[in-house]
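Source file entry30.txt; content: compact mmCIF, C-alpha atoms.
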# COMPACT_ATOMS: atom_id res chain seq x y z
CA MET Q 1 145.58 87.73 144.31
CA GLY Q 2 143.16 88.93 146.97
CA THR Q 3 141.10 87.89 149.98
CA ALA Q 4 138.11 85.56 149.83
CA LEU Q 5 135.47 85.05 152.51
CA VAL Q 6 133.73 81.66 152.39
CA VAL Q 7 130.48 81.47 154.36
CA GLU Q 8 129.64 77.76 154.33
CA ASP Q 9 128.59 75.48 157.21
CA ASP Q 10 129.57 72.20 155.54
CA PRO Q 11 133.22 71.60 156.54
CA ALA Q 12 133.86 69.36 153.52
CA VAL Q 13 132.63 71.96 151.02
CA SER Q 14 134.29 74.82 152.88
CA GLY Q 15 137.60 72.96 153.02
CA LEU Q 16 137.49 72.11 149.31
CA VAL Q 17 136.72 75.70 148.29
CA ARG Q 18 139.42 77.01 150.61
CA ARG Q 19 142.02 74.60 149.24
CA TYR Q 20 141.44 75.51 145.60
CA LEU Q 21 141.22 79.26 146.25
CA SER Q 22 144.43 79.10 148.28
CA ARG Q 23 146.17 77.33 145.42
CA ALA Q 24 145.03 80.15 143.16
CA GLY Q 25 146.76 82.65 145.43
CA PHE Q 26 143.88 83.87 147.60
CA VAL Q 27 144.02 84.46 151.33
CA VAL Q 28 140.88 82.61 152.44
CA HIS Q 29 138.79 83.21 155.56
CA THR Q 30 135.98 80.79 156.40
CA THR Q 31 132.98 80.83 158.69
CA GLY Q 32 129.94 78.64 159.11
CA ASN Q 33 127.37 81.17 160.26
CA ALA Q 34 125.68 84.29 158.95
CA ALA Q 35 126.43 86.60 161.87
CA ASP Q 36 130.18 86.05 161.67
CA GLY Q 37 130.02 86.26 157.87
CA LEU Q 38 128.47 89.72 158.07
CA ARG Q 39 131.02 90.84 160.65
CA GLN Q 40 133.92 89.66 158.53
CA ALA Q 41 132.46 91.24 155.39
CA LEU Q 42 132.39 94.55 157.27
CA ASP Q 43 135.65 94.33 159.22
CA SER Q 44 138.03 92.48 156.92
CA THR Q 45 136.69 93.90 153.60
CA PRO Q 46 137.25 90.75 151.48
CA ASP Q 47 137.63 91.02 147.72
CA VAL Q 48 134.99 88.34 147.10
CA VAL Q 49 132.39 86.47 149.15
CA ILE Q 50 131.36 82.85 148.46
CA LEU Q 51 128.04 82.37 150.21
CA ASP Q 52 126.03 79.25 151.01
CA LEU Q 53 122.25 79.72 151.14
CA THR Q 54 121.55 77.40 154.08
CA LEU Q 55 123.21 78.50 157.30
CA PRO Q 56 122.49 77.39 160.88
CA ASP Q 57 121.73 80.89 162.15
CA GLY Q 58 120.03 82.46 159.15
CA ASP Q 59 119.14 82.57 155.50
CA GLY Q 60 121.99 83.19 153.07
CA SER Q 61 119.72 85.38 150.95
CA GLU Q 62 119.22 87.71 153.92
CA LEU Q 63 122.99 87.84 154.45
CA CYS Q 64 123.43 88.74 150.77
CA ARG Q 65 121.00 91.63 151.21
CA LYS Q 66 122.80 92.86 154.34
CA ILE Q 67 126.18 92.73 152.62
CA ARG Q 68 124.83 94.96 149.86
CA GLU Q 69 123.79 97.51 152.50
CA LEU Q 70 127.22 97.74 154.14
CA PRO Q 71 128.54 101.32 154.34
CA THR Q 72 131.94 100.05 153.20
CA ASN Q 73 132.65 97.27 150.73
CA GLY Q 74 128.97 96.97 149.85
CA ASP Q 75 130.01 96.40 146.23
CA VAL Q 76 132.04 93.26 147.01
CA PRO Q 77 131.28 90.49 144.48
CA VAL Q 78 129.02 87.80 145.98
CA LEU Q 79 128.99 84.30 144.51
CA VAL Q 80 126.17 82.13 145.85
CA LEU Q 81 126.96 78.44 146.30
CA SER Q 82 123.74 76.46 146.66
CA GLY Q 83 122.35 72.96 146.41
CA THR Q 84 119.21 74.18 144.66
CA SER Q 85 118.90 74.99 140.97
CA ASP Q 86 115.39 76.41 141.30
CA ILE Q 87 115.04 79.39 138.93
CA SER Q 88 112.91 81.41 141.36
CA THR Q 89 115.66 81.13 143.99
CA LYS Q 90 118.26 82.27 141.49
CA LEU Q 91 116.17 85.25 140.42
CA LEU Q 92 115.62 86.24 144.05
CA LEU Q 93 119.34 86.15 144.79
CA PHE Q 94 120.19 88.19 141.71
CA ALA Q 95 117.54 90.72 142.75
CA LEU Q 96 119.17 90.93 146.19
CA GLY Q 97 122.54 91.70 144.64
CA ALA Q 98 124.27 88.36 144.03
CA ASP Q 99 126.75 88.49 141.15
CA ASP Q 100 126.90 84.79 140.32
CA TYR Q 101 125.16 81.55 141.30
CA VAL Q 102 126.78 78.12 141.29
CA VAL Q 103 124.89 74.89 142.00
CA LYS Q 104 126.51 72.29 144.27
CA PRO Q 105 128.19 69.96 143.66
CA CYS Q 106 130.43 71.94 141.33
CA ASP Q 107 133.89 71.62 139.85
CA PRO Q 108 136.20 73.61 142.18
CA MET Q 109 138.29 74.74 139.20
CA GLU Q 110 135.17 76.22 137.61
CA LEU Q 111 134.40 77.97 140.89
CA VAL Q 112 137.87 79.54 140.93
CA ALA Q 113 137.44 80.62 137.29
CA ARG Q 114 134.13 82.29 138.15
CA VAL Q 115 135.76 84.11 141.07
CA HIS Q 116 138.47 85.41 138.75
CA ALA Q 117 135.79 86.60 136.30
CA LEU Q 118 133.93 88.46 139.07
CA LEU Q 119 137.11 90.21 140.19
CA ARG Q 120 137.98 91.25 136.63
CA ARG Q 121 134.49 92.68 136.22
CA ARG Q 122 134.75 94.53 139.52
CA GLY Q 123 138.08 96.04 138.49
CA GLU Q 124 136.58 97.28 135.25
CA GLN Q 125 133.55 98.72 137.03
CA ARG Q 126 135.73 100.60 139.50
CA GLN Q 127 137.32 102.46 136.61
CA THR Q 128 133.92 103.89 135.75
CA ARG Q 129 130.91 104.98 137.74
CA ARG Q 130 127.28 104.82 136.69
CA VAL Q 131 124.57 107.06 138.10
CA GLY Q 132 121.31 106.33 136.33
CA PRO Q 133 121.95 106.96 132.62
CA LEU Q 134 125.22 108.80 133.37
CA ARG Q 135 128.55 107.00 132.95
CA VAL Q 136 131.80 108.65 134.05
CA THR Q 137 135.37 107.45 133.47
CA LEU Q 138 137.06 108.31 136.75
CA ALA Q 139 140.60 108.57 135.38
CA THR Q 140 139.78 111.10 132.64
CA GLY Q 141 136.39 112.63 133.40
CA ASP Q 142 134.98 111.49 130.05
CA ALA Q 143 131.23 111.18 130.47
CA TRP Q 144 128.27 109.80 128.57
CA LEU Q 145 124.56 110.31 129.15
CA SER Q 146 122.48 107.45 127.77
CA GLU Q 147 125.68 106.51 125.88
CA ARG Q 148 125.91 109.94 124.22
CA PRO Q 149 129.17 111.78 125.00
CA LEU Q 150 129.05 115.01 126.99
CA GLU Q 151 131.30 117.85 125.86
CA LEU Q 152 132.92 119.07 129.08
CA THR Q 153 135.67 121.48 130.03
CA THR Q 154 138.53 120.40 132.30
CA GLY Q 155 136.91 122.08 135.28
CA GLU Q 156 133.55 120.45 134.60
CA ARG Q 157 135.24 117.05 134.30
CA SER Q 158 137.03 117.60 137.61
CA VAL Q 159 133.77 118.38 139.40
CA LEU Q 160 131.92 115.49 137.80
CA VAL Q 161 134.67 112.98 138.71
CA GLN Q 162 134.52 114.05 142.37
CA LEU Q 163 130.73 113.77 142.41
CA ALA Q 164 130.86 110.36 140.72
CA ARG Q 165 133.54 109.06 143.09
CA ALA Q 166 131.44 110.01 146.12
CA PHE Q 167 128.14 108.63 144.76
CA PRO Q 168 125.80 107.86 146.46
CA GLY Q 169 127.33 110.05 149.15
CA VAL Q 170 127.80 113.81 149.33
CA THR Q 171 130.92 115.51 147.94
CA PRO Q 172 132.03 118.16 150.46
CA ARG Q 173 132.08 121.72 149.13
CA GLU Q 174 135.73 122.12 150.13
CA THR Q 175 136.65 119.12 147.99
CA LEU Q 176 135.15 120.76 144.92
CA ASP Q 177 136.75 124.09 145.78
CA ASN Q 178 140.19 122.47 145.71
CA VAL Q 179 140.16 120.29 142.60
CA PRO Q 180 142.51 121.42 139.80
CA TRP Q 181 140.93 124.07 137.58
CA ARG Q 182 141.80 124.96 134.03
CA ALA Q 183 143.23 128.44 133.55
CA GLY Q 184 140.40 130.95 133.37
CA GLU Q 185 138.06 128.90 135.56
CA ALA Q 186 139.36 130.02 138.92
CA GLY Q 187 137.40 132.39 141.12
CA SER Q 188 135.51 132.69 144.38
CA ASN Q 189 132.35 131.16 142.90
CA VAL Q 190 134.01 128.65 140.56
CA THR Q 191 132.21 125.68 142.11
CA GLU Q 192 128.76 127.20 141.59
CA VAL Q 193 129.64 128.17 138.04
CA LEU Q 194 130.88 124.71 137.08
CA VAL Q 195 128.00 122.93 138.82
CA GLY Q 196 125.56 125.23 137.01
CA ARG Q 197 127.16 124.45 133.65
CA LEU Q 198 127.09 120.73 134.35
CA ARG Q 199 123.41 120.92 135.24
CA ARG Q 200 122.61 122.71 131.99
CA LYS Q 201 124.61 120.26 129.86
CA ILE Q 202 123.03 117.24 131.57
CA GLY Q 203 119.59 118.74 131.10
CA ALA Q 204 120.23 119.56 127.45
CA ALA Q 205 121.42 115.99 126.85
CA GLY Q 206 118.20 114.50 128.17
CA GLY Q 207 118.48 114.56 131.94
CA GLY Q 208 117.98 111.52 134.10
CA VAL Q 209 120.54 112.76 136.64
CA GLU Q 210 120.59 115.82 138.86
CA ILE Q 211 123.25 117.57 140.92
CA ARG Q 212 121.60 118.46 144.19
CA ALA Q 213 122.97 120.98 146.68
CA VAL Q 214 123.03 119.71 150.27
CA ARG Q 215 122.89 122.61 152.70
CA ARG Q 216 126.10 123.13 154.66
CA ALA Q 217 127.55 119.94 153.21
CA GLY Q 218 128.20 120.02 149.48
CA TYR Q 219 126.70 118.43 146.38
CA VAL Q 220 125.40 115.00 145.49
CA LEU Q 221 124.53 113.19 142.25
CA ARG Q 222 121.06 111.64 142.12
CA PRO Q 223 119.36 109.63 139.35
CA VAL Q 224 115.88 110.95 138.55
CA SER Q 225 113.02 109.69 136.46
CA VAL Q 226 112.57 111.24 133.04
CA VAL Q 227 108.94 111.61 132.03
CA ALA Q 228 108.43 111.51 128.28
CA SER Q 229 106.38 114.33 126.81
CA THR Q 230 102.94 113.38 125.50
CA ALA Q 231 102.44 116.59 123.59
What is this file in structure tokens?
Amino acid sequence: MGTALVVEDDPAVSGLVRRYLSRAGFVVHTTGNAADGLRQALDSTPDVVILDLTLPDGDGSELCRKIRELPTNGDVPVLVLSGTSDISTKLLLFALGADDYVVKPCDPMELVARVHALLRRRGEQRQTRRVGPLRVTLATGDAWLSERPLELTTGERSVLVQLARAFPGVTPRETLDNVPWRAGEAGSNVTEVLVGRLRRKIGAAGGGVEIRAVRRAGYVLRPVSVVASTA
């Protein structure tokens, strides 16, 4: 089913969550402090994190923020388990990147159901990538800008998929030089040609995303602000 990391300093709560997640087929790791929680989130790359807000060595909200900044697995679903139902606390956690918020005490079966829902959502999201108003289906290269479909050639789709997969990082030039091209799109400057065509099509469709060249590295997708004309 997957791996769950439970960061909770109350042994009774931690044990209950672990028992029900284990019954559901998860391999469960537990810790009672923020420092070890961050280390495990980085090193063991769990599929989901269940996070208490009150920890002996730190604030759970700060740990949530740090998890979101991880270079790997920063998109792991985070479910906050807290004894407070204060709306301002919930809004803060959602702003910091929490995916769900459950108030203690809770039904452990509901908790497991929420974990399953988060993992389904993550699986769906990993099939597509969003960059600002741009949405790309990674398996096919189908793309939409502000929900309007882009008409792309096979070569353009191949480039866009590689750029979307790497986002927010840089796609190396050699990667783009070696993706499969449609007949008639091969050549020494094929990457520049296809990137140029993608830029024009994105611009004609309304913009909001740019393909930026990174010197001696490759290309990177970046969302940009679109300023409406006042003329």
Show me, as a Markdown table, the residues of range 67-89 of chain Q having an atom within 10 Å of range 121-145 of chain Q, each with the closest atom pair and its distance in Å, using all atoms listed in the file.
| residue | atom | partner | partner_atom | distance |
| --- | --- | --- | --- | --- |
| Q:Asp75 | CA | Q:Arg122 | CA | 8.4 |
| Q:Val76 | CA | Q:Arg122 | CA | 8.1 |
| Q:Pro77 | CA | Q:Arg122 | CA | 7.3 |
> Which value, in Å to one decimal, gives the distance between CA of Tyr219 in chain Q and CA of Val170 in chain Q?
Replying inline: 5.6 Å
> Neighbours of Val220 in chain Q within 10 Å (only C-alpha atoms; same-chain residues fewer than 3 positions away dropped), as a list in words?
Replying inline: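 Final neighbour list, sorted by chain and number: Gln162, Leu163, Ala164, Ala166, Phe167, Pro168, Gly169, Val170, Thr171, Pro172, Glu210, Ile211, Arg212, Ala213, Val214 and Ala217 of chain Q.
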Would you write out those residues with C-alpha atoms, as a PDB file, in the coordinates of the input?
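Resulting contents of part.pdb:
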ATOM      1  CA  GLN Q 162     134.520 114.050 142.370  1.00  0.00           C
ATOM      2  CA  LEU Q 163     130.730 113.770 142.410  1.00  0.00           C
ATOM      3  CA  ALA Q 164     130.860 110.360 140.720  1.00  0.00           C
ATOM      4  CA  ALA Q 166     131.440 110.010 146.120  1.00  0.00           C
ATOM      5  CA  PHE Q 167     128.140 108.630 144.760  1.00  0.00           C
ATOM      6  CA  PRO Q 168     125.800 107.860 146.460  1.00  0.00           C
ATOM      7  CA  GLY Q 169     127.330 110.050 149.150  1.00  0.00           C
ATOM      8  CA  VAL Q 170     127.800 113.810 149.330  1.00  0.00           C
ATOM      9  CA  THR Q 171     130.920 115.510 147.940  1.00  0.00           C
ATOM     10  CA  PRO Q 172     132.030 118.160 150.460  1.00  0.00           C
ATOM     11  CA  GLU Q 210     120.590 115.820 138.860  1.00  0.00           C
ATOM     12  CA  ILE Q 211     123.250 117.570 140.920  1.00  0.00           C
ATOM     13  CA  ARG Q 212     121.600 118.460 144.190  1.00  0.00           C
ATOM     14  CA  ALA Q 213     122.970 120.980 146.680  1.00  0.00           C
ATOM     15  CA  VAL Q 214     123.030 119.710 150.270  1.00  0.00           C
ATOM     16  CA  ALA Q 217     127.550 119.940 153.210  1.00  0.00           C
TER      17      ALA Q 217
END
> Taking all atoms listed in the file into account, which of Q:Pro46, Q:Thr54, Q:Glu192, Q:Gly83 comes nearest Ile67 in chain Q?
Replying inline: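 Selected residue with least distance to Ile67 in chain Q: Q:Pro46.
Proximity to Arg199 in chain Q was assessed for Q:Glu156, Q:Asp9, Q:Asp52, Q:Glu174 counting all atoms listed in the file; the smallest distance is recorded for Q:Glu156.
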